[in-house]
Amino acid sequence: MSLNIRPMEIEDISEIMEIENSSFKKGWTENLFYQELTSNDDSYYFVMEESGETLGYAGLWNMVGEGHVTVIAVNEKHRGRGIGRKLMERLIFLGVELGTTGITLEVRVDNIPAIELYTSLGFSIVGKRPNYYSEDGSDAYIMWRYEGSE
Ligand SMILES: CC(C)(COP(=O)(O)OP(=O)(O)OC[C@H]1O[C@@H](n2cnc3c(N)ncnc32)[C@H](O)[C@@H]1OP(=O)(O)O)[C@@H](O)C(=O)NCCC(=O)NCCS
């Protein structure tokens, strides 16, 4: 079955919440996704689907010419298939389309799969936010990918 990336729709939120809740200790609420899709003109969300099943999703804010990755997650059963990479590549392409100078994100310092993914796409660690995650006080790395880097 072929993979397909398309813009997220309100109808996707319930399936997305299952992935969100199993991926993050304190993830986004249904209402937050709803607000993002309906009230934020500078946000862009995509889902990866296969045969009508949502396998993952990712989002980007365009904040005054800078891209901010807001969320990315892949259904645990489908990790390691290149889906996270394809979603990130879609966000990077969007950043180019929007003319952003670069894309930034925060990631838990111990989230090795995500850090490896971002590094392989040209992101570099540029700093750390201490106690960034309120649920357990974990630190976050700040990563940036400047347009023009690999
Ligand atoms: C991070 C995440 C989105 C990656 O999605 P994925 O579809 O499994 O990733 P891919 O299959 O596209 O892998 C792409 C690259 O990521 C890295 N990677 C993925 N899983 C990895 C693992 N278990 N260990 C180390 N590196 C890993 C590798 O560099 C990989 O490239 P390779 O296949 O050429 O080696 C997924 O693990 C996830 O949803 N995690 C939970 C939510 C989360 O932590 N989101 C990030 C918040 S900042």
# chains A, B, ... in the order shown; residues from 1 in each chain; ligands from 1
>>> select_by_dssp(residues="chain A", states="alpha helix (DSSP H)", output="PyMOL selection string")
chain A and resi 13-23+30-39+83-98+112-120
>>> write_last_selection(atoms="N, CA and C atoms", output="compact mmCIF listing (two decimals), in the first residue's frame")
# COMPACT_ATOMS: atom_id res chain seq x y z
N ILE A 13 -8.53 14.21 13.90
CA ILE A 13 -8.04 14.45 15.28
C ILE A 13 -8.22 13.24 16.19
N SER A 14 -9.33 12.53 16.08
CA SER A 14 -9.53 11.42 17.03
C SER A 14 -8.48 10.34 16.83
N GLU A 15 -8.14 10.02 15.58
CA GLU A 15 -7.09 9.01 15.32
C GLU A 15 -5.73 9.52 15.79
N ILE A 16 -5.51 10.83 15.56
CA ILE A 16 -4.25 11.44 15.97
C ILE A 16 -4.09 11.39 17.48
N MET A 17 -5.18 11.59 18.20
CA MET A 17 -5.09 11.58 19.66
C MET A 17 -4.61 10.24 20.20
N GLU A 18 -4.94 9.15 19.53
CA GLU A 18 -4.45 7.84 19.98
C GLU A 18 -2.93 7.78 19.88
N ILE A 19 -2.40 8.29 18.77
CA ILE A 19 -0.93 8.29 18.59
C ILE A 19 -0.30 9.27 19.57
N GLU A 20 -0.92 10.44 19.70
CA GLU A 20 -0.38 11.48 20.60
C GLU A 20 -0.30 10.95 22.04
N ASN A 21 -1.37 10.34 22.51
CA ASN A 21 -1.41 9.88 23.90
C ASN A 21 -0.46 8.73 24.16
N SER A 22 -0.19 7.91 23.14
CA SER A 22 0.74 6.81 23.37
C SER A 22 2.19 7.23 23.11
N SER A 23 2.39 8.43 22.55
CA SER A 23 3.75 8.88 22.22
C SER A 23 4.33 9.83 23.26
N GLU A 30 -7.07 17.31 22.44
CA GLU A 30 -7.90 17.35 21.22
C GLU A 30 -8.22 18.81 20.87
N ASN A 31 -8.52 19.59 21.90
CA ASN A 31 -8.89 20.98 21.68
C ASN A 31 -7.74 21.80 21.10
N LEU A 32 -6.53 21.47 21.53
CA LEU A 32 -5.37 22.20 21.01
C LEU A 32 -5.19 21.93 19.51
N PHE A 33 -5.33 20.67 19.11
CA PHE A 33 -5.27 20.38 17.67
C PHE A 33 -6.38 21.13 16.93
N TYR A 34 -7.56 21.13 17.53
CA TYR A 34 -8.70 21.80 16.89
C TYR A 34 -8.41 23.29 16.70
N GLN A 35 -7.89 23.91 17.76
CA GLN A 35 -7.56 25.33 17.68
C GLN A 35 -6.51 25.59 16.60
N GLU A 36 -5.52 24.72 16.53
CA GLU A 36 -4.46 24.89 15.53
C GLU A 36 -5.03 24.83 14.11
N LEU A 37 -5.97 23.91 13.91
CA LEU A 37 -6.52 23.73 12.55
C LEU A 37 -7.51 24.82 12.17
N THR A 38 -8.14 25.41 13.17
CA THR A 38 -9.21 26.36 12.84
C THR A 38 -8.86 27.82 13.09
N SER A 39 -7.89 28.08 13.97
CA SER A 39 -7.68 29.48 14.40
C SER A 39 -6.28 30.01 14.21
N ILE A 83 8.77 6.93 7.96
CA ILE A 83 7.62 7.85 7.97
C ILE A 83 7.99 9.18 8.63
N GLY A 84 8.68 9.11 9.76
CA GLY A 84 9.11 10.33 10.43
C GLY A 84 9.99 11.17 9.51
N ARG A 85 10.88 10.50 8.79
CA ARG A 85 11.77 11.23 7.86
C ARG A 85 10.94 11.92 6.77
N LYS A 86 9.98 11.21 6.20
CA LYS A 86 9.16 11.81 5.13
C LYS A 86 8.36 13.00 5.65
N LEU A 87 7.84 12.89 6.87
CA LEU A 87 7.08 14.01 7.43
C LEU A 87 7.99 15.21 7.66
N MET A 88 9.20 14.95 8.19
CA MET A 88 10.13 16.07 8.41
C MET A 88 10.55 16.69 7.08
N GLU A 89 10.76 15.84 6.06
CA GLU A 89 11.14 16.38 4.74
C GLU A 89 10.01 17.27 4.19
N ARG A 90 8.77 16.88 4.49
CA ARG A 90 7.63 17.71 4.02
C ARG A 90 7.66 19.07 4.71
N LEU A 91 7.97 19.07 6.02
CA LEU A 91 8.04 20.35 6.75
C LEU A 91 9.20 21.21 6.22
N ILE A 92 10.32 20.57 5.94
CA ILE A 92 11.48 21.32 5.43
C ILE A 92 11.12 21.93 4.06
N PHE A 93 10.46 21.15 3.22
CA PHE A 93 10.04 21.66 1.91
C PHE A 93 9.06 22.82 2.07
N LEU A 94 8.16 22.68 3.02
CA LEU A 94 7.21 23.76 3.29
C LEU A 94 7.95 25.02 3.73
N GLY A 95 8.96 24.83 4.60
CA GLY A 95 9.75 25.98 5.05
C GLY A 95 10.36 26.72 3.87
N VAL A 96 10.86 25.96 2.88
CA VAL A 96 11.43 26.57 1.67
C VAL A 96 10.33 27.31 0.91
N GLU A 97 9.19 26.66 0.75
CA GLU A 97 8.06 27.30 0.03
C GLU A 97 7.65 28.61 0.69
N LEU A 98 7.69 28.62 2.04
CA LEU A 98 7.28 29.82 2.78
C LEU A 98 8.38 30.87 2.85
N ILE A 112 16.76 9.90 21.70
CA ILE A 112 17.78 9.58 20.69
C ILE A 112 17.19 9.38 19.28
N PRO A 113 16.07 8.61 19.12
CA PRO A 113 15.53 8.46 17.75
C PRO A 113 15.24 9.80 17.09
N ALA A 114 14.63 10.72 17.84
CA ALA A 114 14.28 12.02 17.25
C ALA A 114 15.54 12.84 16.96
N ILE A 115 16.49 12.84 17.90
CA ILE A 115 17.72 13.62 17.68
C ILE A 115 18.48 13.09 16.45
N GLU A 116 18.52 11.75 16.33
CA GLU A 116 19.19 11.15 15.16
C GLU A 116 18.48 11.54 13.87
N LEU A 117 17.16 11.52 13.91
CA LEU A 117 16.38 11.90 12.71
C LEU A 117 16.69 13.34 12.32
N TYR A 118 16.62 14.25 13.28
CA TYR A 118 16.82 15.66 12.97
C TYR A 118 18.26 15.91 12.49
N THR A 119 19.22 15.26 13.16
CA THR A 119 20.62 15.46 12.77
C THR A 119 20.85 14.98 11.34
N SER A 120 20.22 13.85 10.99
CA SER A 120 20.41 13.31 9.64
C SER A 120 19.81 14.21 8.58
>>> residues_around(residues="segment 44-51 of chain A", least_positions_apart="6", cutoff="8 Å", atoms="only C-alpha atoms", output="PDB file with N, CA and C atoms, in the first residue's frame")
ATOM      1  N   MET A   1       0.847  -1.187   0.000  1.00  0.00           N
ATOM      2  CA  MET A   1       0.000   0.000   0.000  1.00  0.00           C
ATOM      3  C   MET A   1       0.883   1.239   0.000  1.00  0.00           C
ATOM      4  N   SER A   2       0.431   2.264  -0.705  1.00  0.00           N
ATOM      5  CA  SER A   2       1.310   3.425  -0.818  1.00  0.00           C
ATOM      6  C   SER A   2       1.019   4.455   0.275  1.00  0.00           C
ATOM      7  N   LEU A   3       2.108   5.100   0.688  1.00  0.00           N
ATOM      8  CA  LEU A   3       2.012   6.141   1.701  1.00  0.00           C
ATOM      9  C   LEU A   3       1.609   7.440   1.040  1.00  0.00           C
ATOM     10  N   ASN A   4       0.844   8.239   1.762  1.00  0.00           N
ATOM     11  CA  ASN A   4       0.368   9.499   1.203  1.00  0.00           C
ATOM     12  C   ASN A   4       0.395  10.570   2.290  1.00  0.00           C
ATOM     13  N   ILE A   5       1.020  11.704   1.980  1.00  0.00           N
ATOM     14  CA  ILE A   5       1.000  12.822   2.925  1.00  0.00           C
ATOM     15  C   ILE A   5      -0.020  13.842   2.440  1.00  0.00           C
ATOM     16  N   ARG A   6      -0.843  14.301   3.352  1.00  0.00           N
ATOM     17  CA  ARG A   6      -1.847  15.320   2.988  1.00  0.00           C
ATOM     18  C   ARG A   6      -2.071  16.238   4.192  1.00  0.00           C
ATOM     19  N   PRO A   7      -2.679  17.411   3.956  1.00  0.00           N
ATOM     20  CA  PRO A   7      -2.972  18.308   5.080  1.00  0.00           C
ATOM     21  C   PRO A   7      -3.892  17.637   6.098  1.00  0.00           C
ATOM     22  N   MET A   8      -3.648  17.925   7.383  1.00  0.00           N
ATOM     23  CA  MET A   8      -4.497  17.387   8.450  1.00  0.00           C
ATOM     24  C   MET A   8      -5.864  18.056   8.395  1.00  0.00           C
ATOM     25  N   LEU A  37      -5.969  23.910  13.906  1.00  0.00           N
ATOM     26  CA  LEU A  37      -6.520  23.733  12.549  1.00  0.00           C
ATOM     27  C   LEU A  37      -7.509  24.819  12.172  1.00  0.00           C
ATOM     28  N   TYR A  57       1.957  12.199  12.006  1.00  0.00           N
ATOM     29  CA  TYR A  57       1.571  13.586  11.707  1.00  0.00           C
ATOM     30  C   TYR A  57       2.688  14.503  12.159  1.00  0.00           C
ATOM     31  N   ALA A  58       2.665  15.707  11.613  1.00  0.00           N
ATOM     32  CA  ALA A  58       3.692  16.688  11.976  1.00  0.00           C
ATOM     33  C   ALA A  58       3.160  18.075  11.663  1.00  0.00           C
ATOM     34  N   GLY A  59       3.703  19.063  12.389  1.00  0.00           N
ATOM     35  CA  GLY A  59       3.227  20.425  12.183  1.00  0.00           C
ATOM     36  C   GLY A  59       4.334  21.456  12.261  1.00  0.00           C
ATOM     37  N   LEU A  60       4.080  22.575  11.609  1.00  0.00           N
ATOM     38  CA  LEU A  60       5.056  23.677  11.562  1.00  0.00           C
ATOM     39  C   LEU A  60       4.332  25.003  11.735  1.00  0.00           C
ATOM     40  N   TRP A  61       4.933  25.875  12.529  1.00  0.00           N
ATOM     41  CA  TRP A  61       4.475  27.273  12.584  1.00  0.00           C
ATOM     42  C   TRP A  61       5.431  28.116  11.774  1.00  0.00           C
ATOM     43  N   ILE A  83       8.768   6.932   7.959  1.00  0.00           N
ATOM     44  CA  ILE A  83       7.620   7.852   7.967  1.00  0.00           C
ATOM     45  C   ILE A  83       7.985   9.180   8.629  1.00  0.00           C
ATOM     46  N   LEU A  87       7.843  12.886   6.865  1.00  0.00           N
ATOM     47  CA  LEU A  87       7.081  14.008   7.435  1.00  0.00           C
ATOM     48  C   LEU A  87       7.993  15.211   7.661  1.00  0.00           C
TER      49      LEU A  87
END
>>> residues_around(residues="Ser124 of chain A", least_positions_apart="6", cutoff="10 Å", atoms="only C-alpha atoms", output="PyMOL selection string")
chain A and resi 104+115+118+141-146
>>> write_last_selection(atoms="C-alpha atoms", output="compact mmCIF listing (two decimals), in the first residue's frame")
# COMPACT_ATOMS: atom_id res chain seq x y z
CA THR A 104 13.92 25.19 14.77
CA ILE A 115 17.72 13.62 17.68
CA TYR A 118 16.82 15.66 12.97
CA TYR A 141 17.90 20.69 23.21
CA ILE A 142 17.21 23.55 20.85
CA MET A 143 18.00 22.47 17.29
CA TRP A 144 18.16 24.58 14.15
CA ARG A 145 18.39 23.82 10.48
CA TYR A 146 19.30 26.86 8.43
>>> closest_residue(among="A:Asn131, A:Ser138, A:Asn75, A:Thr101", to="ligand 1", atoms="only C-alpha atoms and all ligand atoms")
A:Asn75
>>> closest_residue(among="A:Ser43, A:Thr54, A:Thr70, A:Asn62", to="ligand 1", atoms="only C-alpha atoms and all ligand atoms")
A:Thr70
